[in-house]
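File shown: upload.pdb. Contents: PDB, C-alpha atoms.
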ATOM      1  CA  MET S   1     -18.858   4.552  12.598
ATOM      2  CA  ARG S   2     -17.106   1.230  13.187
ATOM      3  CA  ALA S   3     -19.647   0.333  15.854
ATOM      4  CA  PHE S   4     -22.560   1.268  13.580
ATOM      5  CA  VAL S   5     -21.197  -0.841  10.721
ATOM      6  CA  VAL S   6     -20.883  -3.868  13.002
ATOM      7  CA  VAL S   7     -24.423  -3.388  14.374
ATOM      8  CA  ALA S   8     -25.850  -3.121  10.861
ATOM      9  CA  GLU S   9     -23.939  -6.208   9.705
ATOM     10  CA  GLU S  10     -24.910  -8.322  12.711
ATOM     11  CA  GLY S  11     -28.539  -7.195  12.870
ATOM     12  CA  SER S  12     -28.339  -7.546  16.640
ATOM     13  CA  LEU S  13     -26.988  -5.292  19.362
ATOM     14  CA  SER S  14     -26.001  -8.252  21.540
ATOM     15  CA  ALA S  15     -24.097  -9.979  18.711
ATOM     16  CA  ALA S  16     -22.432  -6.704  17.739
ATOM     17  CA  ALA S  17     -21.431  -6.057  21.360
ATOM     18  CA  ARG S  18     -19.733  -9.458  21.544
ATOM     19  CA  ARG S  19     -17.877  -8.814  18.281
ATOM     20  CA  LEU S  20     -16.755  -5.361  19.482
ATOM     21  CA  HIS S  21     -15.914  -6.588  23.009
ATOM     22  CA  LEU S  22     -18.304  -4.001  24.493
ATOM     23  CA  SER S  23     -21.222  -4.232  26.879
ATOM     24  CA  GLN S  24     -24.616  -4.078  25.206
ATOM     25  CA  PRO S  25     -25.761  -1.016  27.211
ATOM     26  CA  ALA S  26     -22.622   0.885  26.196
ATOM     27  CA  LEU S  27     -23.171  -0.001  22.546
ATOM     28  CA  SER S  28     -26.842   1.042  22.750
ATOM     29  CA  GLN S  29     -25.800   4.411  24.173
ATOM     30  CA  THR S  30     -23.272   4.847  21.366
ATOM     31  CA  MET S  31     -25.939   4.194  18.724
ATOM     32  CA  ALA S  32     -28.377   6.570  20.429
ATOM     33  CA  ALA S  33     -25.716   9.288  20.590
ATOM     34  CA  LEU S  34     -24.961   8.844  16.878
ATOM     35  CA  GLU S  35     -28.661   9.183  16.021
ATOM     36  CA  ARG S  36     -28.902  12.343  18.159
ATOM     37  CA  GLN S  37     -25.839  13.809  16.479
ATOM     38  CA  LEU S  38     -27.256  13.207  12.995
ATOM     39  CA  GLY S  39     -30.803  14.059  14.000
ATOM     40  CA  ILE S  40     -32.397  11.041  12.334
ATOM     41  CA  PRO S  41     -33.186   7.406  13.264
ATOM     42  CA  LEU S  42     -30.597   4.992  11.887
ATOM     43  CA  LEU S  43     -31.913   1.714  13.302
ATOM     44  CA  LEU S  44     -35.300   0.064  13.613
ATOM     45  CA  ARG S  45     -35.328  -1.783  16.923
ATOM     46  CA  ARG S  46     -37.439  -4.930  17.100
ATOM     47  CA  SER S  47     -37.691  -7.880  19.489
ATOM     48  CA  THR S  48     -35.824 -10.006  16.944
ATOM     49  CA  GLY S  49     -32.969  -7.533  16.464
ATOM     50  CA  VAL S  50     -32.239  -4.292  14.648
ATOM     51  CA  GLN S  51     -32.429  -3.227  11.017
ATOM     52  CA  ALA S  52     -30.942  -0.171   9.342
ATOM     53  CA  THR S  53     -33.404   2.489   8.212
ATOM     54  CA  GLU S  54     -33.099   4.068   4.772
ATOM     55  CA  ALA S  55     -30.894   6.747   6.299
ATOM     56  CA  GLY S  56     -28.990   4.009   8.115
ATOM     57  CA  MET S  57     -28.290   2.173   4.846
ATOM     58  CA  THR S  58     -26.946   5.414   3.373
ATOM     59  CA  LEU S  59     -24.669   5.862   6.376
ATOM     60  CA  LEU S  60     -23.566   2.212   6.172
ATOM     61  CA  THR S  61     -22.343   2.661   2.594
ATOM     62  CA  GLU S  62     -20.542   5.910   3.382
ATOM     63  CA  ALA S  63     -19.085   4.616   6.663
ATOM     64  CA  ARG S  64     -17.533   1.590   5.000
ATOM     65  CA  ALA S  65     -15.851   3.843   2.440
ATOM     66  CA  VAL S  66     -14.602   6.267   5.110
ATOM     67  CA  LEU S  67     -13.246   3.469   7.311
ATOM     68  CA  ALA S  68     -11.503   1.767   4.388
ATOM     69  CA  ARG S  69      -9.817   5.052   3.470
ATOM     70  CA  HIS S  70      -8.890   5.649   7.130
ATOM     71  CA  ASP S  71      -7.241   2.221   7.418
ATOM     72  CA  GLN S  72      -5.455   2.720   4.108
ATOM     73  CA  ALA S  73      -4.047   6.034   5.325
ATOM     74  CA  LEU S  74      -2.748   4.520   8.569
ATOM     75  CA  ALA S  75      -1.125   1.662   6.658
ATOM     76  CA  ALA S  76       0.563   4.117   4.290
ATOM     77  CA  VAL S  77       2.008   6.143   7.184
ATOM     78  CA  ALA S  78       3.104   2.994   9.014
ATOM     79  CA  ARG S  79       5.294   2.023   6.070
ATOM     80  CA  HIS S  80       7.456   5.125   6.651
ATOM     81  CA  THR S  81       8.289   4.165  10.232
ATOM     82  CA  ALA S  82       8.147   0.378  10.113
ATOM     83  CA  THR S  83      11.028  -2.032  10.307
ATOM     84  CA  GLY S  84      10.241  -4.463   7.521
ATOM     85  CA  GLY S  85      11.036  -5.351   3.960
ATOM     86  CA  GLY S  86      13.116  -8.103   2.441
ATOM     87  CA  VAL S  87      12.289 -11.785   2.837
ATOM     88  CA  LEU S  88      10.276 -13.154   5.773
ATOM     89  CA  ARG S  89      11.095 -16.856   6.051
ATOM     90  CA  ILE S  90       8.349 -18.959   7.646
ATOM     91  CA  GLY S  91       8.312 -22.649   8.483
ATOM     92  CA  ILE S  92       5.040 -24.508   7.902
ATOM     93  CA  PRO S  93       4.139 -28.055   8.993
ATOM     94  CA  LEU S  94       2.036 -30.538   7.082
ATOM     95  CA  GLU S  95      -1.749 -30.211   7.532
ATOM     96  CA  LEU S  96      -1.731 -26.570   8.545
ATOM     97  CA  PRO S  97      -5.329 -25.322   9.057
ATOM     98  CA  THR S  98      -6.352 -23.934   5.671
ATOM     99  CA  ASP S  99      -7.596 -20.556   6.933
ATOM    100  CA  LEU S 100      -4.844 -19.857   9.456
ATOM    101  CA  LEU S 101      -2.428 -17.898   7.264
ATOM    102  CA  ALA S 102      -4.622 -16.505   4.474
ATOM    103  CA  LYS S 103      -5.885 -13.228   5.981
ATOM    104  CA  PRO S 104      -2.722 -12.454   8.016
ATOM    105  CA  LEU S 105      -0.642 -12.726   4.833
ATOM    106  CA  VAL S 106      -3.035 -10.492   2.878
ATOM    107  CA  ASP S 107      -2.906  -7.860   5.640
ATOM    108  CA  LEU S 108       0.881  -8.162   5.762
ATOM    109  CA  ALA S 109       1.133  -7.521   2.015
ATOM    110  CA  VAL S 110      -0.975  -4.358   2.357
ATOM    111  CA  THR S 111       0.976  -2.890   5.267
ATOM    112  CA  TYR S 112       4.437  -4.085   4.207
ATOM    113  CA  PRO S 113       4.448  -4.393   0.405
ATOM    114  CA  GLY S 114       8.229  -4.629   0.489
ATOM    115  CA  THR S 115       8.137  -7.872   2.487
ATOM    116  CA  ARG S 116       8.231 -11.084   0.491
ATOM    117  CA  VAL S 117       7.138 -14.226   2.335
ATOM    118  CA  GLN S 118       9.095 -17.419   1.732
ATOM    119  CA  ALA S 119       7.401 -20.523   3.151
ATOM    120  CA  ARG S 120       9.130 -23.862   3.774
ATOM    121  CA  HIS S 121       7.470 -27.155   4.689
ATOM    122  CA  LEU S 122       9.413 -28.452   7.681
ATOM    123  CA  SER S 123       8.724 -30.642  10.699
ATOM    124  CA  THR S 124       8.602 -29.069  14.139
ATOM    125  CA  ALA S 125      12.087 -30.315  15.050
ATOM    126  CA  ALA S 126      13.531 -29.078  11.747
ATOM    127  CA  GLN S 127      11.931 -25.664  12.284
ATOM    128  CA  PHE S 128      13.473 -25.346  15.742
ATOM    129  CA  ASP S 129      16.890 -26.179  14.262
ATOM    130  CA  ALA S 130      16.407 -23.632  11.463
ATOM    131  CA  LEU S 131      15.271 -20.920  13.890
ATOM    132  CA  HIS S 132      18.326 -21.455  16.096
ATOM    133  CA  ALA S 133      20.559 -21.387  13.018
ATOM    134  CA  GLY S 134      19.042 -18.123  11.773
ATOM    135  CA  GLU S 135      17.590 -19.826   8.681
ATOM    136  CA  LEU S 136      13.958 -19.015   9.581
ATOM    137  CA  ASP S 137      12.358 -15.841  10.905
ATOM    138  CA  ALA S 138       9.271 -17.598  12.284
ATOM    139  CA  GLY S 139       7.746 -21.050  12.440
ATOM    140  CA  LEU S 140       4.436 -22.793  12.972
ATOM    141  CA  VAL S 141       5.101 -25.801  15.162
ATOM    142  CA  ARG S 142       3.247 -28.534  17.032
ATOM    143  CA  GLU S 143       4.895 -28.125  20.428
ATOM    144  CA  HIS S 144       5.849 -25.217  22.675
ATOM    145  CA  PRO S 145       9.568 -24.363  22.515
ATOM    146  CA  ILE S 146      11.773 -24.902  25.551
ATOM    147  CA  GLY S 147      14.056 -22.106  26.761
ATOM    148  CA  GLN S 148      14.009 -18.325  26.548
ATOM    149  CA  ASP S 149      15.557 -17.750  23.124
ATOM    150  CA  LEU S 150      12.247 -18.311  21.297
ATOM    151  CA  ASP S 151       8.913 -16.600  21.931
ATOM    152  CA  ALA S 152       5.666 -18.435  21.169
ATOM    153  CA  VAL S 153       1.913 -17.919  20.996
ATOM    154  CA  LEU S 154      -0.790 -20.558  20.559
ATOM    155  CA  VAL S 155      -2.596 -19.924  17.247
ATOM    156  CA  ALA S 156      -4.691 -23.045  16.573
ATOM    157  CA  GLU S 157      -6.303 -26.003  18.328
ATOM    158  CA  GLU S 158      -7.780 -28.880  16.309
ATOM    159  CA  ARG S 159      -9.837 -31.772  17.646
ATOM    160  CA  LEU S 160      -8.484 -34.693  15.680
ATOM    161  CA  GLY S 161     -10.794 -37.306  14.199
ATOM    162  CA  VAL S 162     -10.059 -40.653  12.584
ATOM    163  CA  LEU S 163      -9.843 -41.857   8.990
ATOM    164  CA  LEU S 164     -11.118 -45.401   8.461
ATOM    165  CA  ALA S 165     -12.042 -47.612   5.556
ATOM    166  CA  ALA S 166     -15.765 -47.132   4.908
ATOM    167  CA  GLU S 167     -16.693 -50.689   5.972
ATOM    168  CA  GLN S 168     -14.629 -50.404   9.138
ATOM    169  CA  ALA S 169     -16.182 -47.027   9.971
ATOM    170  CA  ALA S 170     -19.702 -48.425   9.556
ATOM    171  CA  LYS S 171     -18.933 -51.096  12.166
ATOM    172  CA  THR S 172     -17.063 -48.794  14.559
ATOM    173  CA  ALA S 173     -18.714 -45.370  14.610
ATOM    174  CA  GLY S 174     -21.330 -44.649  17.285
ATOM    175  CA  PRO S 175     -23.704 -41.714  17.697
ATOM    176  CA  ASP S 176     -20.936 -39.572  19.235
ATOM    177  CA  GLY S 177     -18.193 -40.757  16.907
ATOM    178  CA  VAL S 178     -15.532 -43.447  17.154
ATOM    179  CA  ARG S 179     -14.238 -44.522  20.559
ATOM    180  CA  LEU S 180     -10.471 -44.756  20.713
ATOM    181  CA  ASP S 181     -10.554 -48.161  22.372
ATOM    182  CA  SER S 182     -12.638 -49.520  19.463
ATOM    183  CA  LEU S 183      -9.581 -49.056  17.233
ATOM    184  CA  ALA S 184      -7.648 -51.775  19.094
ATOM    185  CA  GLY S 185      -6.311 -54.288  16.614
ATOM    186  CA  LEU S 186      -5.846 -51.737  13.843
ATOM    187  CA  ASP S 187      -2.468 -50.348  12.824
ATOM    188  CA  TRP S 188      -1.843 -46.654  13.440
ATOM    189  CA  VAL S 189      -0.540 -44.770  10.419
ATOM    190  CA  GLY S 190       1.737 -42.485  12.414
ATOM    191  CA  PHE S 191       4.532 -39.962  11.949
ATOM    192  CA  PRO S 192       8.122 -40.418  13.181
ATOM    193  CA  ARG S 193       8.919 -39.236  16.692
ATOM    194  CA  SER S 194      11.940 -37.317  15.381
ATOM    195  CA  GLY S 195       9.649 -34.813  13.653
ATOM    196  CA  SER S 196       7.990 -33.575  16.852
ATOM    197  CA  PRO S 197       9.084 -35.503  19.954
ATOM    198  CA  ALA S 198       6.880 -33.782  22.568
ATOM    199  CA  TRP S 199       3.702 -33.987  20.452
ATOM    200  CA  TYR S 200       4.496 -37.603  19.513
ATOM    201  CA  ASP S 201       4.937 -38.571  23.168
ATOM    202  CA  GLU S 202       1.685 -36.829  24.194
ATOM    203  CA  LEU S 203      -0.269 -38.406  21.352
ATOM    204  CA  THR S 204       1.048 -41.956  21.740
ATOM    205  CA  ALA S 205       0.572 -41.876  25.530
ATOM    206  CA  ILE S 206      -3.148 -41.183  24.991
ATOM    207  CA  LEU S 207      -3.455 -43.869  22.330
ATOM    208  CA  ARG S 208      -1.747 -46.476  24.511
ATOM    209  CA  SER S 209      -3.879 -45.528  27.513
ATOM    210  CA  HIS S 210      -6.891 -46.633  25.444
ATOM    211  CA  GLY S 211      -5.381 -50.055  24.775
ATOM    212  CA  LEU S 212      -3.917 -49.438  21.320
ATOM    213  CA  ASP S 213      -0.779 -51.307  20.255
ATOM    214  CA  LEU S 214       1.030 -48.819  18.029
ATOM    215  CA  GLY S 215       3.604 -51.198  16.593
ATOM    216  CA  PRO S 216       7.034 -50.068  15.358
ATOM    217  CA  GLU S 217       7.774 -46.344  15.087
ATOM    218  CA  ALA S 218       7.820 -44.779  11.619
ATOM    219  CA  PRO S 219      11.354 -44.278  10.256
ATOM    220  CA  ALA S 220      13.000 -40.934  11.048
ATOM    221  CA  GLY S 221      12.639 -38.412   8.255
ATOM    222  CA  GLN S 222       9.574 -40.073   6.726
ATOM    223  CA  GLU S 223       6.853 -37.489   6.062
ATOM    224  CA  LEU S 224       3.284 -38.545   6.751
ATOM    225  CA  ILE S 225       1.689 -37.022   3.654
ATOM    226  CA  ALA S 226      -2.000 -37.328   2.830
ATOM    227  CA  GLU S 227      -1.458 -39.916   0.103
ATOM    228  CA  VAL S 228       0.249 -42.245   2.578
ATOM    229  CA  LYS S 229      -2.610 -41.935   5.071
ATOM    230  CA  LEU S 230      -5.311 -42.593   2.490
ATOM    231  CA  ALA S 231      -3.517 -45.505   0.868
ATOM    232  CA  ALA S 232      -2.892 -47.262   4.185
ATOM    233  CA  VAL S 233      -6.451 -46.731   5.426
ATOM    234  CA  THR S 234      -8.093 -47.766   2.153
ATOM    235  CA  ALA S 235      -6.310 -51.100   2.251
ATOM    236  CA  GLY S 236      -8.081 -51.887   5.546
ATOM    237  CA  GLY S 237      -6.684 -52.828   8.939
ATOM    238  CA  ALA S 238      -5.345 -49.351   9.713
ATOM    239  CA  PHE S 239      -6.467 -45.965  10.966
ATOM    240  CA  ALA S 240      -5.046 -42.467  10.596
ATOM    241  CA  LEU S 241      -5.738 -39.210  12.402
ATOM    242  CA  ALA S 242      -6.882 -36.019  10.693
ATOM    243  CA  PRO S 243      -8.570 -32.718  11.639
ATOM    244  CA  PRO S 244     -12.226 -32.073  10.774
ATOM    245  CA  ASP S 245     -11.384 -29.480   8.106
ATOM    246  CA  TRP S 246      -8.692 -31.597   6.462
ATOM    247  CA  SER S 247      -7.925 -29.934   3.144
ATOM    248  CA  GLN S 248      -7.413 -33.196   1.244
ATOM    249  CA  PRO S 249     -10.251 -34.746  -0.800
ATOM    250  CA  ILE S 250     -11.364 -38.005   0.794
ATOM    251  CA  PRO S 251     -12.357 -40.877  -1.544
ATOM    252  CA  ASP S 252     -15.639 -42.744  -1.092
ATOM    253  CA  SER S 253     -13.735 -45.743   0.246
ATOM    254  CA  VAL S 254     -12.563 -43.739   3.292
ATOM    255  CA  VAL S 255     -14.642 -42.054   6.017
ATOM    256  CA  TRP S 256     -13.614 -39.348   8.486
ATOM    257  CA  SER S 257     -15.325 -39.572  11.880
ATOM    258  CA  PRO S 258     -14.920 -37.531  15.072
ATOM    259  CA  LEU S 259     -13.458 -39.249  18.110
ATOM    260  CA  ALA S 260     -15.947 -39.656  20.951
ATOM    261  CA  GLY S 261     -15.067 -37.286  23.771
ATOM    262  CA  HIS S 262     -12.442 -35.463  21.641
ATOM    263  CA  PRO S 263      -9.445 -36.988  23.452
ATOM    264  CA  LEU S 264      -6.851 -35.779  20.915
ATOM    265  CA  VAL S 265      -6.263 -32.051  20.465
ATOM    266  CA  ARG S 266      -3.478 -30.928  18.143
ATOM    267  CA  ARG S 267      -2.073 -27.470  18.897
ATOM    268  CA  THR S 268      -0.075 -25.160  16.659
ATOM    269  CA  TRP S 269       2.182 -22.405  17.995
ATOM    270  CA  ALA S 270       3.736 -19.490  16.146
ATOM    271  CA  VAL S 271       7.365 -19.180  17.279
ATOM    272  CA  TRP S 272      10.048 -16.611  16.526
ATOM    273  CA  PRO S 273      13.409 -15.479  17.969
ATOM    274  CA  ALA S 274      12.930 -13.473  21.158
ATOM    275  CA  SER S 275      15.588 -11.043  19.942
ATOM    276  CA  SER S 276      13.713 -10.153  16.733
ATOM    277  CA  HIS S 277      12.599  -6.531  16.236
ATOM    278  CA  ARG S 278      10.997  -6.924  12.799
ATOM    279  CA  ARG S 279       7.689  -5.071  12.746
ATOM    280  CA  ASP S 280       6.394  -7.020   9.758
ATOM    281  CA  LEU S 281       6.945 -10.201  11.738
ATOM    282  CA  ALA S 282       5.270  -8.658  14.804
ATOM    283  CA  GLN S 283       2.190  -7.791  12.715
ATOM    284  CA  LEU S 284       1.978 -11.325  11.294
ATOM    285  CA  VAL S 285       2.239 -12.900  14.748
ATOM    286  CA  ALA S 286      -0.391 -10.526  16.159
ATOM    287  CA  ALA S 287      -2.770 -11.403  13.325
ATOM    288  CA  LEU S 288      -2.226 -15.122  13.911
ATOM    289  CA  ASP S 289      -2.848 -14.618  17.618
ATOM    290  CA  ARG S 290      -6.162 -12.899  16.903
ATOM    291  CA  GLY S 291      -7.185 -15.905  14.839
TER
END
Show me the file's structure as structure tokens.
Amino acid sequence: MRAFVVVAEEGSLSAAARRLHLSQPALSQTMAALERQLGIPLLLRRSTGVQATEAGMTLLTEARAVLARHDQALAAVARHTATGGGVLRIGIPLELPTDLLAKPLVDLAVTYPGTRVQARHLSTAAQFDALHAGELDAGLVREHPIGQDLDAVLVAEERLGVLLAAEQAAKTAGPDGVRLDSLAGLDWVGFPRSGSPAWYDELTAILRSHGLDLGPEAPAGQELIAEVKLAAVTAGGAFALAPPDWSQPIPDSVVWSPLAGHPLVRRTWAVWPASSHRRDLAQLVAALDRG
């Protein structure tokens, strides 16, 4: 039933096979077996894809209801055996991808209704300190932890672009975006190294290798919030970095452009204590890992 629903939604056996992580021949055999079992065609096969027959549409409606009830039943049983409940404390950095946490948190609430999530905005370094001190149960950080006391999984990669004043962008942007070396002479609106030393060192090494003079480091503890970036860039003579799906509204006086060649990739890891046995935390991490 799950395979049939995916085929009907995708309208293509090849696309459905990719989504289900199956070979197309195996999926075709599964659909043929289902049609034989029910004794009626469920799919119209064309060169452009597949389409559910009238009987197939009836099965699609019923299958979705059956599968939803099946998943609900498993979640209800899991709550009797799961280690969860209480407060799950999560550290979150600035500029977290907007869609990263939404579905995992919804699924967590369904399976573990007794778990309450408490989110805190903290830098990577502050999250590591809080995790070691037992003040966080998990964190989303911009560098891989060192040592064996924390486990980690990569959950997001973002190709950073550049924010420029509109006039500056018009002079600088090419057909493939803005070249890093074309930003020479502009001030970088950067974050303090103390917030994420390894990511800061990686980022600034790339910027300097393209001939950029980064000037003095931002003061420790200063958060690089969106308003600071936009104000500095709007005034002219400066650039800031931001992901393509930046959640902040950008004024007409500022333009976001991709960087030619995508030289800057910002990564986000989910980290948690290696000694943790919380099943609600394990589910959240698994959902983040699946993306």
### Task
Go through the shown structure with the PyMOL selection byres ((chain S and resi 20) around 12) and write out the matching residues as an NGL selection string.
:S and (2-7 or 10 or 13-19 or 21-24 or 26-27)
### Task
Given the file shown, determine the residues that the PyMOL selection byres ((chain S and resi 57) around 12) selects; report them as an NGL selection string.
:S and (4-5 or 7-9 or 41-44 or 51-56 or 58-64)
### Message
Just the number, please: distance in Å from atom CA of Leu154 of chain S to atom CA of Leu96 of chain S, one decimal.
### Response
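Separation of atom CA of Leu154 of chain S and atom CA of Leu96 of chain S: 13.5 Å.
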### Message
Suppose a student applies the PyMOL selection byres ((chain S and resi 287) around 12) to this structure; what residues should they get, written as an NGL selection string?
### Response
:S and (100-108 or 153-155 or 270 or 280-286 or 288-291)
### Query
Nearest to Gly177 of chain S among S:Ala130, S:Leu34, S:Val271, S:Val255, with distances taken over only C-alpha atoms: which residue is it?
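Closest to Gly177 of chain S, using only C-alpha atoms: S:Val255.
Among S:Pro113, S:Gly236, S:Pro93, S:Pro216, the residue with the shortest atom-to-atom distance to Glu167 of chain S, counting all atoms listed in the file, is S:Gly236.
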### Task
Grab the atom CA of Asp187 of chain S to atom CA of Thr98 of chain S distance for me, in Å with one decimal place.
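Separation between atom CA of Asp187 of chain S and atom CA of Thr98 of chain S: 27.6 Å.
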Can you tell me, as JSON, the centre and edge lengths (Å, one decimal) of the axis-aligned box enclosing all of segment 259-278 of chain S's listed atoms after padding each side by 5 Å?
{"center_x": -0.2, "center_y": -23.1, "center_z": 18.3, "size_x": 41.5, "size_y": 43.1, "size_z": 21.0}
### Shell around Arg89 of chain S at 7 Å using all atoms listed in the file, local window under 6 positions removed, as a list in words
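Contacts, with the query itself left out: Val117, Gln118, Ala119, Leu136, Asp137 and Ala138 of chain S.
Shortest separation to Pro97 of chain S among S:Ser275, S:Gln248, S:Thr172, S:Ser257 occurs at residue S:Gln248, atoms counted being all atoms listed in the file.
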### Distance criterion (only C-alpha atoms): nearest to Val178 of chain S out of S:His132, S:Arg120, S:Arg69, S:His262
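Smallest separation from Val178 of chain S among the options: S:His262.
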### Nearest to Val265 of chain S by atom-to-atom distance, counting all atoms listed in the file, from S:Asp99, S:Glu202, S:Gly134, S:Trp246
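Result for the nearest residue to Val265 of chain S: S:Glu202.
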### Message
Taking all atoms listed in the file into account, name the residue in S:Leu183, S:Ala32, S:Ala165, S:Ala109 that is nearest to Arg208 of chain S.
### Response
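Nearest candidate to Arg208 of chain S out of S:Leu183, S:Ala32, S:Ala165, S:Ala109: S:Leu183.
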### Message
List as a PyMOL selection string the protein and nucleic acid residues near Pro273 of chain S, meaning an atom at most 7 Å away when only C-alpha atoms are counted, but skip any in the same chain fewer than 2 places from it.
### Response
chain S and resi 149-151+275-276
Residues of segment 52-142 of chain S that have any atom at most 12 Å from an atom of segment 220-227 of chain S: could you tabulate them with the shortest-distance atom pair and the distance in Å to one decimal, using all atoms listed in the file, ordered by chain and increasing number, as a tab-separated table?
residue	atom	partner	partner_atom	distance
S:Pro93	CA	S:Glu223	CA	10.2
S:Leu94	CA	S:Ile225	CA	7.3
S:Glu95	CA	S:Ala226	CA	8.5
S:His121	CA	S:Glu223	CA	10.4
S:Leu122	CA	S:Glu223	CA	9.5
S:Ser123	CA	S:Glu223	CA	8.5
S:Thr124	CA	S:Gly221	CA	11.8
S:Ala125	CA	S:Gly221	CA	10.6
S:Ala126	CA	S:Gly221	CA	10.0
### Task
Could you jot down the atom CA of Ala173 of chain S to atom CA of Tyr200 of chain S separation for me, Å, one decimal place?
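Between atom CA of Ala173 of chain S and atom CA of Tyr200 of chain S the gap works out to 25.0 Å.
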### Query
If we count all atoms listed in the file, what is near Leu230 of chain S at a cut-off of 9 Å, once residues fewer than 6 positions away on the same chain are taken out, given as number ranges by chain?
S: 163-165, 240, 250-251, 254
### Task
Fewer than 5 positions away in the same chain doesn't count, so skip those; otherwise give me all residues within 9 Å of Asp176 of chain S, counting only C-alpha atoms, as a ChimeraX atom specification.
/S:258-261
